[in-house]
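The file target-v1.cif comes next; it holds mmCIF, C-alpha atoms and all ligand atoms.
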data_input
#
loop_
_atom_site.label_atom_id
_atom_site.label_comp_id
_atom_site.auth_asym_id
_atom_site.auth_seq_id
_atom_site.Cartn_x
_atom_site.Cartn_y
_atom_site.Cartn_z
CA MET A 620 110.63 112.19 94.85
CA ILE A 621 113.33 111.86 97.52
CA PRO A 622 116.86 111.90 96.00
CA HIS A 623 118.29 108.38 96.19
CA THR A 624 120.16 106.14 93.77
CA LEU A 625 118.60 102.71 93.64
CA PRO A 626 120.92 99.76 92.99
CA GLU A 627 120.63 97.74 89.78
CA GLY A 628 117.87 95.16 89.77
CA PRO A 629 114.13 94.67 89.36
CA LYS A 630 111.38 96.51 91.22
CA LEU A 631 108.90 94.07 92.79
CA ASN A 632 105.23 94.72 93.48
CA ILE A 633 104.39 91.99 95.99
CA GLY A 634 100.78 91.07 96.78
CA CYS A 635 100.02 92.97 93.58
CA GLY A 636 96.34 92.02 93.24
CA PRO A 637 94.93 93.76 90.17
CA VAL A 638 97.50 96.61 90.33
CA GLN A 639 99.95 95.64 87.59
CA PRO A 640 101.46 98.61 85.70
CA PRO A 641 104.48 98.16 83.40
CA GLY A 642 108.00 98.58 84.83
CA TRP A 643 107.44 96.28 87.82
CA ILE A 644 107.54 92.53 88.46
CA HIS A 645 104.16 91.55 89.87
CA ILE A 646 103.86 88.79 92.45
CA ASP A 647 100.73 87.34 94.03
CA GLY A 648 99.81 84.08 95.75
CA SER A 649 96.04 84.03 95.32
CA ASN A 650 94.24 81.02 93.88
CA ARG A 651 93.23 83.06 90.86
CA ALA A 652 96.84 84.14 90.28
CA PHE A 653 97.80 80.46 90.28
CA LEU A 654 95.10 79.55 87.77
CA ALA A 655 95.69 82.51 85.44
CA SER A 656 99.50 82.25 85.43
CA ARG A 657 100.11 78.49 85.64
CA LEU A 658 96.91 77.00 84.14
CA TRP A 659 96.07 79.93 81.91
CA PRO A 660 94.26 77.96 79.13
CA LEU A 661 91.83 76.69 81.78
CA ASP A 662 91.42 80.19 83.20
CA LYS A 663 90.75 81.63 79.73
CA PHE A 664 88.18 78.88 79.13
CA MET A 665 86.41 79.61 82.42
CA VAL A 666 86.24 83.31 81.50
CA ALA A 667 84.99 82.49 77.98
CA VAL A 668 82.10 80.37 79.34
CA GLY A 669 81.26 83.04 81.92
CA ALA A 670 82.20 80.90 84.94
CA PHE A 671 84.87 83.40 86.11
CA PRO A 672 85.08 87.18 85.66
CA PRO A 673 88.06 88.49 83.62
CA THR A 674 91.24 89.03 85.63
CA GLU A 675 94.45 91.09 85.49
CA PHE A 676 96.41 88.00 86.58
CA GLY A 677 98.10 86.11 83.76
CA ARG A 678 101.29 84.62 82.38
CA HIS A 679 103.19 87.93 82.68
CA MET A 680 103.27 87.70 86.51
CA TYR A 681 104.73 85.44 89.21
CA TYR A 682 102.47 83.19 91.22
CA HIS A 683 104.25 82.92 94.57
CA ASN A 684 103.20 82.36 98.17
CA LEU A 685 105.00 84.98 100.24
CA PHE A 686 105.20 82.63 103.21
CA LYS A 687 108.20 81.31 101.28
CA PRO A 688 111.42 83.22 100.46
CA LEU A 689 111.13 85.55 97.48
CA PRO A 690 112.05 83.86 94.19
CA PHE A 691 115.14 86.08 93.66
CA ALA A 692 118.75 85.56 94.70
CA PRO A 693 119.71 87.43 97.88
CA GLY A 694 120.97 90.97 97.28
CA THR A 695 119.64 91.30 93.71
CA VAL A 696 116.46 93.37 93.97
CA ALA A 697 116.36 97.18 93.68
CA ALA A 698 113.03 97.96 95.35
CA ILE A 699 109.97 96.26 96.80
CA TYR A 700 106.51 97.79 97.12
CA ALA A 701 103.71 96.12 99.06
CA GLY A 702 100.27 97.75 99.05
CA GLU A 703 97.79 96.44 101.65
CA LEU A 704 99.63 93.16 102.16
CA TRP A 705 101.33 93.17 105.60
CA GLU A 706 97.98 93.18 107.44
CA HIS A 707 97.09 89.88 105.74
CA PHE A 708 99.83 88.14 107.77
CA GLU A 709 100.02 87.24 111.46
CA TYR A 710 102.48 89.59 113.19
CA ASP A 711 105.29 86.99 113.34
CA ASP A 712 104.78 86.12 109.66
CA SER A 713 104.97 89.77 108.56
CA ASP A 714 108.16 90.01 110.63
CA LYS A 715 109.57 87.12 108.58
CA LEU A 716 108.37 88.69 105.33
CA THR A 717 110.14 91.96 106.24
CA ALA A 718 113.35 89.99 106.85
CA ARG A 719 112.95 88.14 103.52
CA CYS A 720 112.57 91.47 101.71
CA PHE A 721 115.72 92.73 103.45
CA SER A 722 117.59 89.66 102.24
CA ALA A 723 116.35 89.94 98.61
CA LEU A 724 117.23 93.65 98.34
CA ALA A 725 120.66 94.81 97.17
CA PRO A 726 122.50 97.31 99.42
CA GLY A 727 120.79 100.68 98.86
CA GLY A 728 117.54 98.89 97.94
CA VAL A 729 114.25 100.21 99.30
CA LEU A 730 111.24 98.52 100.92
CA ARG A 731 107.96 100.44 101.02
CA VAL A 732 104.86 99.11 102.75
CA CYS A 733 101.37 100.61 102.81
CA VAL A 734 98.82 99.27 105.33
CA PRO A 735 95.50 100.42 106.81
CA ASP A 736 96.20 102.86 109.65
CA GLY A 737 94.94 101.12 112.83
CA PRO A 738 94.69 104.31 114.94
CA HIS A 739 92.51 105.90 112.25
CA LEU A 740 89.96 103.07 112.49
CA PHE A 741 90.02 102.84 116.28
CA GLY A 742 89.93 106.66 116.53
CA GLU A 743 86.73 106.65 114.49
CA TYR A 744 85.26 104.07 116.87
CA LEU A 745 86.15 106.14 119.93
CA GLU A 746 84.66 109.23 118.30
CA LYS A 747 81.36 107.43 117.71
CA LEU A 748 81.45 106.12 121.27
CA GLU A 749 81.93 109.63 122.67
CA GLN A 750 79.08 110.96 120.50
CA GLN A 751 76.74 108.37 122.02
CA ARG A 752 77.98 108.87 125.57
CA ALA A 753 77.30 112.59 125.26
CA LEU A 754 73.60 111.86 124.65
CA PRO A 755 70.99 111.27 127.38
CA ARG A 756 70.61 107.50 127.90
CA GLU A 757 67.18 107.24 126.25
CA ARG A 758 68.56 108.79 123.02
CA ARG A 759 71.65 106.61 122.74
CA ASP A 760 71.84 104.29 119.73
CA PRO A 761 74.20 101.27 119.65
CA LYS A 762 73.82 100.79 115.87
CA PRO A 763 76.81 102.89 114.68
CA LEU A 764 79.10 101.12 117.20
CA HIS A 765 77.69 97.71 116.40
CA GLY A 766 78.07 98.47 112.68
CA MET A 767 81.76 99.24 113.06
CA MET A 768 82.44 96.12 115.11
CA HIS A 769 80.47 94.01 112.66
CA SER A 770 82.45 95.36 109.74
CA PHE A 771 85.76 94.84 111.61
CA PHE A 772 85.18 91.29 112.85
CA LYS A 773 82.84 89.88 110.18
CA ASP A 774 84.03 91.57 106.97
CA ILE A 775 87.66 92.51 107.58
CA CYS A 776 88.96 89.83 109.97
CA THR A 777 86.92 86.77 108.97
CA LYS A 778 88.25 84.27 106.47
CA PRO A 779 85.87 84.16 103.49
CA ALA A 780 84.71 80.71 102.45
CA GLY A 781 85.99 78.89 99.39
CA PHE A 782 88.03 80.20 96.49
CA LYS A 783 88.72 83.69 97.89
CA SER A 784 90.27 82.32 101.05
CA MET A 785 93.98 83.13 100.32
CA GLY A 786 94.95 86.22 102.26
CA HIS A 787 91.70 88.09 101.85
CA TYR A 788 91.23 88.94 105.49
CA HIS A 789 93.21 90.90 108.02
CA LYS A 790 95.21 89.25 110.78
CA TRP A 791 96.89 92.31 112.28
CA SER A 792 96.46 96.03 112.68
CA PHE A 793 99.48 98.31 112.34
CA ASP A 794 100.43 101.77 113.54
CA GLU A 795 103.61 103.64 112.63
CA ILE A 796 105.36 102.64 115.90
CA GLN A 797 104.98 98.89 115.26
CA LEU A 798 105.75 99.09 111.54
CA ILE A 799 108.85 101.28 111.88
CA ASP A 800 110.12 98.96 114.64
CA MET A 801 109.58 95.93 112.37
CA PHE A 802 111.65 97.54 109.58
CA GLU A 803 114.45 98.56 111.95
CA ARG A 804 114.70 95.12 113.58
CA ALA A 805 115.06 93.60 110.09
CA GLY A 806 118.08 95.88 109.50
CA PHE A 807 116.53 98.74 107.48
CA ARG A 808 117.79 102.26 108.08
CA ASN A 809 116.36 105.73 107.31
CA VAL A 810 112.99 104.24 108.17
CA ASP A 811 110.18 106.79 108.18
CA ARG A 812 106.49 107.27 107.76
CA MET A 813 106.07 108.68 104.26
CA LYS A 814 103.54 110.79 102.41
CA TYR A 815 101.47 109.28 99.62
CA HIS A 816 103.63 109.00 96.46
CA GLU A 817 106.65 110.60 98.19
CA SER A 818 109.38 108.00 97.82
CA ARG A 819 112.93 107.06 96.95
CA ILE A 820 111.47 104.60 94.42
CA PRO A 821 110.93 106.17 90.99
CA GLY A 822 107.54 105.30 89.51
CA VAL A 823 105.93 104.36 92.83
CA GLU A 824 102.79 106.33 91.85
CA ALA A 825 101.94 103.55 89.40
CA VAL A 826 101.57 100.92 92.16
CA GLU A 827 100.56 103.00 95.18
CA ARG A 828 96.77 103.29 95.23
CA SER A 829 96.02 104.00 98.89
CA ASP A 830 96.92 106.94 101.11
CA PHE A 831 97.07 104.93 104.35
CA LEU A 832 99.97 104.30 106.71
CA ILE A 833 103.07 104.18 104.49
CA VAL A 834 106.55 103.28 105.78
CA GLU A 835 109.77 103.12 103.76
CA GLY A 836 113.28 102.00 104.67
CA VAL A 837 116.66 101.50 103.00
CA LYS A 838 118.99 98.50 103.21
CA PRO A 839 122.37 99.97 104.26
CA ARG A 840 125.09 100.04 101.57
C1 LIG B 1 94.26 93.78 99.48
S1 LIG B 1 95.10 93.07 98.14
C2 LIG B 1 96.18 94.41 97.69
C3 LIG B 1 96.31 94.59 96.19
C4 LIG B 1 97.19 95.74 95.75
N1 LIG B 1 98.56 95.57 96.18
C5 LIG B 1 96.67 97.09 96.21
O1 LIG B 1 97.45 97.88 96.75
O2 LIG B 1 95.47 97.37 96.00
C6 LIG B 1 96.21 91.91 98.91
C7 LIG B 1 96.86 90.97 97.91
O3 LIG B 1 97.85 90.24 98.60
C8 LIG B 1 97.81 88.89 98.15
N2 LIG B 1 98.33 88.01 99.20
C9 LIG B 1 97.86 87.85 100.46
N3 LIG B 1 98.56 86.92 101.11
C10 LIG B 1 99.52 86.49 100.25
C11 LIG B 1 100.56 85.53 100.33
N4 LIG B 1 100.76 84.80 101.43
N5 LIG B 1 101.36 85.33 99.25
C12 LIG B 1 101.18 86.07 98.12
N6 LIG B 1 100.20 86.98 97.97
C13 LIG B 1 99.38 87.18 99.03
C14 LIG B 1 96.33 88.63 97.88
O4 LIG B 1 96.17 87.56 96.96
C15 LIG B 1 95.88 89.97 97.31
O5 LIG B 1 95.96 90.02 95.92
#
Represent the structure of the file as structure tokens.
Ligand SMILES: C[S@@+](CC[C@H](N)C(=O)[O-])C[C@H]1O[C@@H](n2cnc3c(N)ncnc32)[C@H](O)[C@@H]1O
Amino acid sequence: MIPHTLPEGPKLNIGCGPVQPPGWIHIDGSNRAFLASRLWPLDKFMVAVGAFPPTEFGRHMYYHNLFKPLPFAPGTVAAIYAGELWEHFEYDDSDKLTARCFSALAPGGVLRVCVPDGPHLFGEYLEKLEQQRALPRERRDPKPLHGMMHSFFKDICTKPAGFKSMGHYHKWSFDEIQLIDMFERAGFRNVDRMKYHESRIPGVEAVERSDFLIVEGVKPR
């Protein structure tokens, strides 16, 4: 834990998905979050008849589309965590979301964002490419390269049909240079790439599930 005194206010877990430990306010804009939080009797019925699988979403959380300003008065939030969310926005939209988080946070408040590490993925691709290029032509195999591109374009970056369509595909790939720049342009200071679970936000271990590219910044006091 990095020594830091958070201001008064709630800790938000935005784009929470199924990660909903106590001590945080959980916010998600998926269709299922809407059904389970706003039309919960219908959702419970659908689960009871086996039409839908059980869900962590429910009345305890906020259904909210993060394309809109956060549902908190400016300067009232202590900390915001977002795990694997920023990459689900176009670059300009994640820029706006970063600015909205800055506005919602109180001075001294902390934003922490975890995203897939673009260079890691592309590095793996280049490694596979070099392995194939090192082989004599007749022994080269395009399948590992094709497999990676298929997974990137067809699984990760393609909008799934129907009910799962809200935000379940990637629209950008980040590296620490782009993400740190985005934080700094929004006004955050002390912006750094962070280690997994190393944070100014107490209790971050409960919401942080992935050891990817993690960046944290502080709204100046
Ligand atoms: C990959 S999941 C991440 C879940 C969890 N935070 C984690 O770290 O495993 C992304 C979540 O962001 C939510 N999401 C995507 N776009 C959103 C938007 N515009 N407004 C609100 N939630 C959104 C999705 O519904 C989904 O639950």
### Query
Near Ser722 of chain A, within 12 Å and counting all atoms listed in the file, which residues show up once chain neighbours fewer than 5 positions away are dropped, as a list in words?
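Within the cut-off, the hits are Pro688, Leu689, Pro690, Phe691, Ala692, Pro693, Gly694, Thr695, Val696, Ala697, Ala698, Ile699, Lys715, Leu716, Thr717, Gly727, Gly728, Val729, Leu730, Ala805, Gly806, Phe807, Val837, Lys838 and Pro839 of chain A.
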Margin query: Can you work out which residues are within 10 Å of ligand LIG 1 (chain B), considering only C-alpha atoms and all ligand atoms, and then hand them over as a ChimeraX atom specification?
Written below: /A:632-639,645-653,676,681-687,689,700-708,712-713,716,732-735,783-789,826-829
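Computed from the coordinates, the atom CA of Met813 of chain A to atom CA of Glu835 of chain A distance equals 6.7 Å.
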Residue with smallest distance to Arg840 of chain A - pool A:Asn809, A:Ser818, A:Gln751, A:Ser770, counting all atoms listed in the file
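Selected residue with least distance to Arg840 of chain A: A:Asn809.
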- Item | Nearest to Met768 of chain A by atom-to-atom distance, counting only C-alpha atoms, from A:Leu754, A:Leu748, A:Leu661, A:Leu798 |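 Going through A:Leu754, A:Leu748, A:Leu661, A:Leu798 one by one, the smallest distance to Met768 of chain A is for A:Leu748.
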Specify the axis-aligned box that encloses all atoms of segment 692-697 of chain A listed in the file after padding of 5 Å on each side, stating its centre and edge lengths in Å to one decimal as AutoDock Vina command-line options.
--center_x 118.7 --center_y 91.4 --center_z 95.8 --size_x 14.6 --size_y 21.6 --size_z 14.2
Between atom CA of Ser656 of chain A and atom CA of Glu675 of chain A lies a distance of 10.2 Å
Separating atom CA of Cys776 of chain A from atom CA of Asp736 of chain A, to the nearest tenth of an Å, is a gap of 14.9 Å
Taking 4 positions as the minimum chain separation for residues in the same chain, which residues sit within 8 Å of segment 737-739 of chain A when counting only C-alpha atoms? Answer as a PDB file with C-alpha atoms, keeping the file's coordinate frame.
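As written to disk, part.pdb reads:
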ATOM      1  CA  GLU A 743      86.730 106.650 114.490  1.00  0.00           C
ATOM      2  CA  SER A 792      96.460  96.030 112.680  1.00  0.00           C
ATOM      3  CA  PHE A 793      99.480  98.310 112.340  1.00  0.00           C
ATOM      4  CA  ASP A 794     100.430 101.770 113.540  1.00  0.00           C
TER       5      ASP A 794
END
Choose the residue, out of A:Pro779, A:Pro673, A:Pro821, A:Gly836, that has the smallest atom-to-atom separation from Phe802 of chain A; count all atoms listed in the file.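 Ranked by minimum distance to Phe802 of chain A, first place goes to A:Gly836.
Among A:Ala670, A:Leu764, A:Ala825, A:Ile833, the residue with the shortest atom-to-atom distance to Gln750 of chain A, counting all atoms listed in the file, is A:Leu764.
The shortest atom-to-atom distance to Leu625 of chain A, with all atoms listed in the file taken into account, belongs to A:Leu724 out of A:Tyr815, A:Asp800, A:Asp774, A:Leu724.
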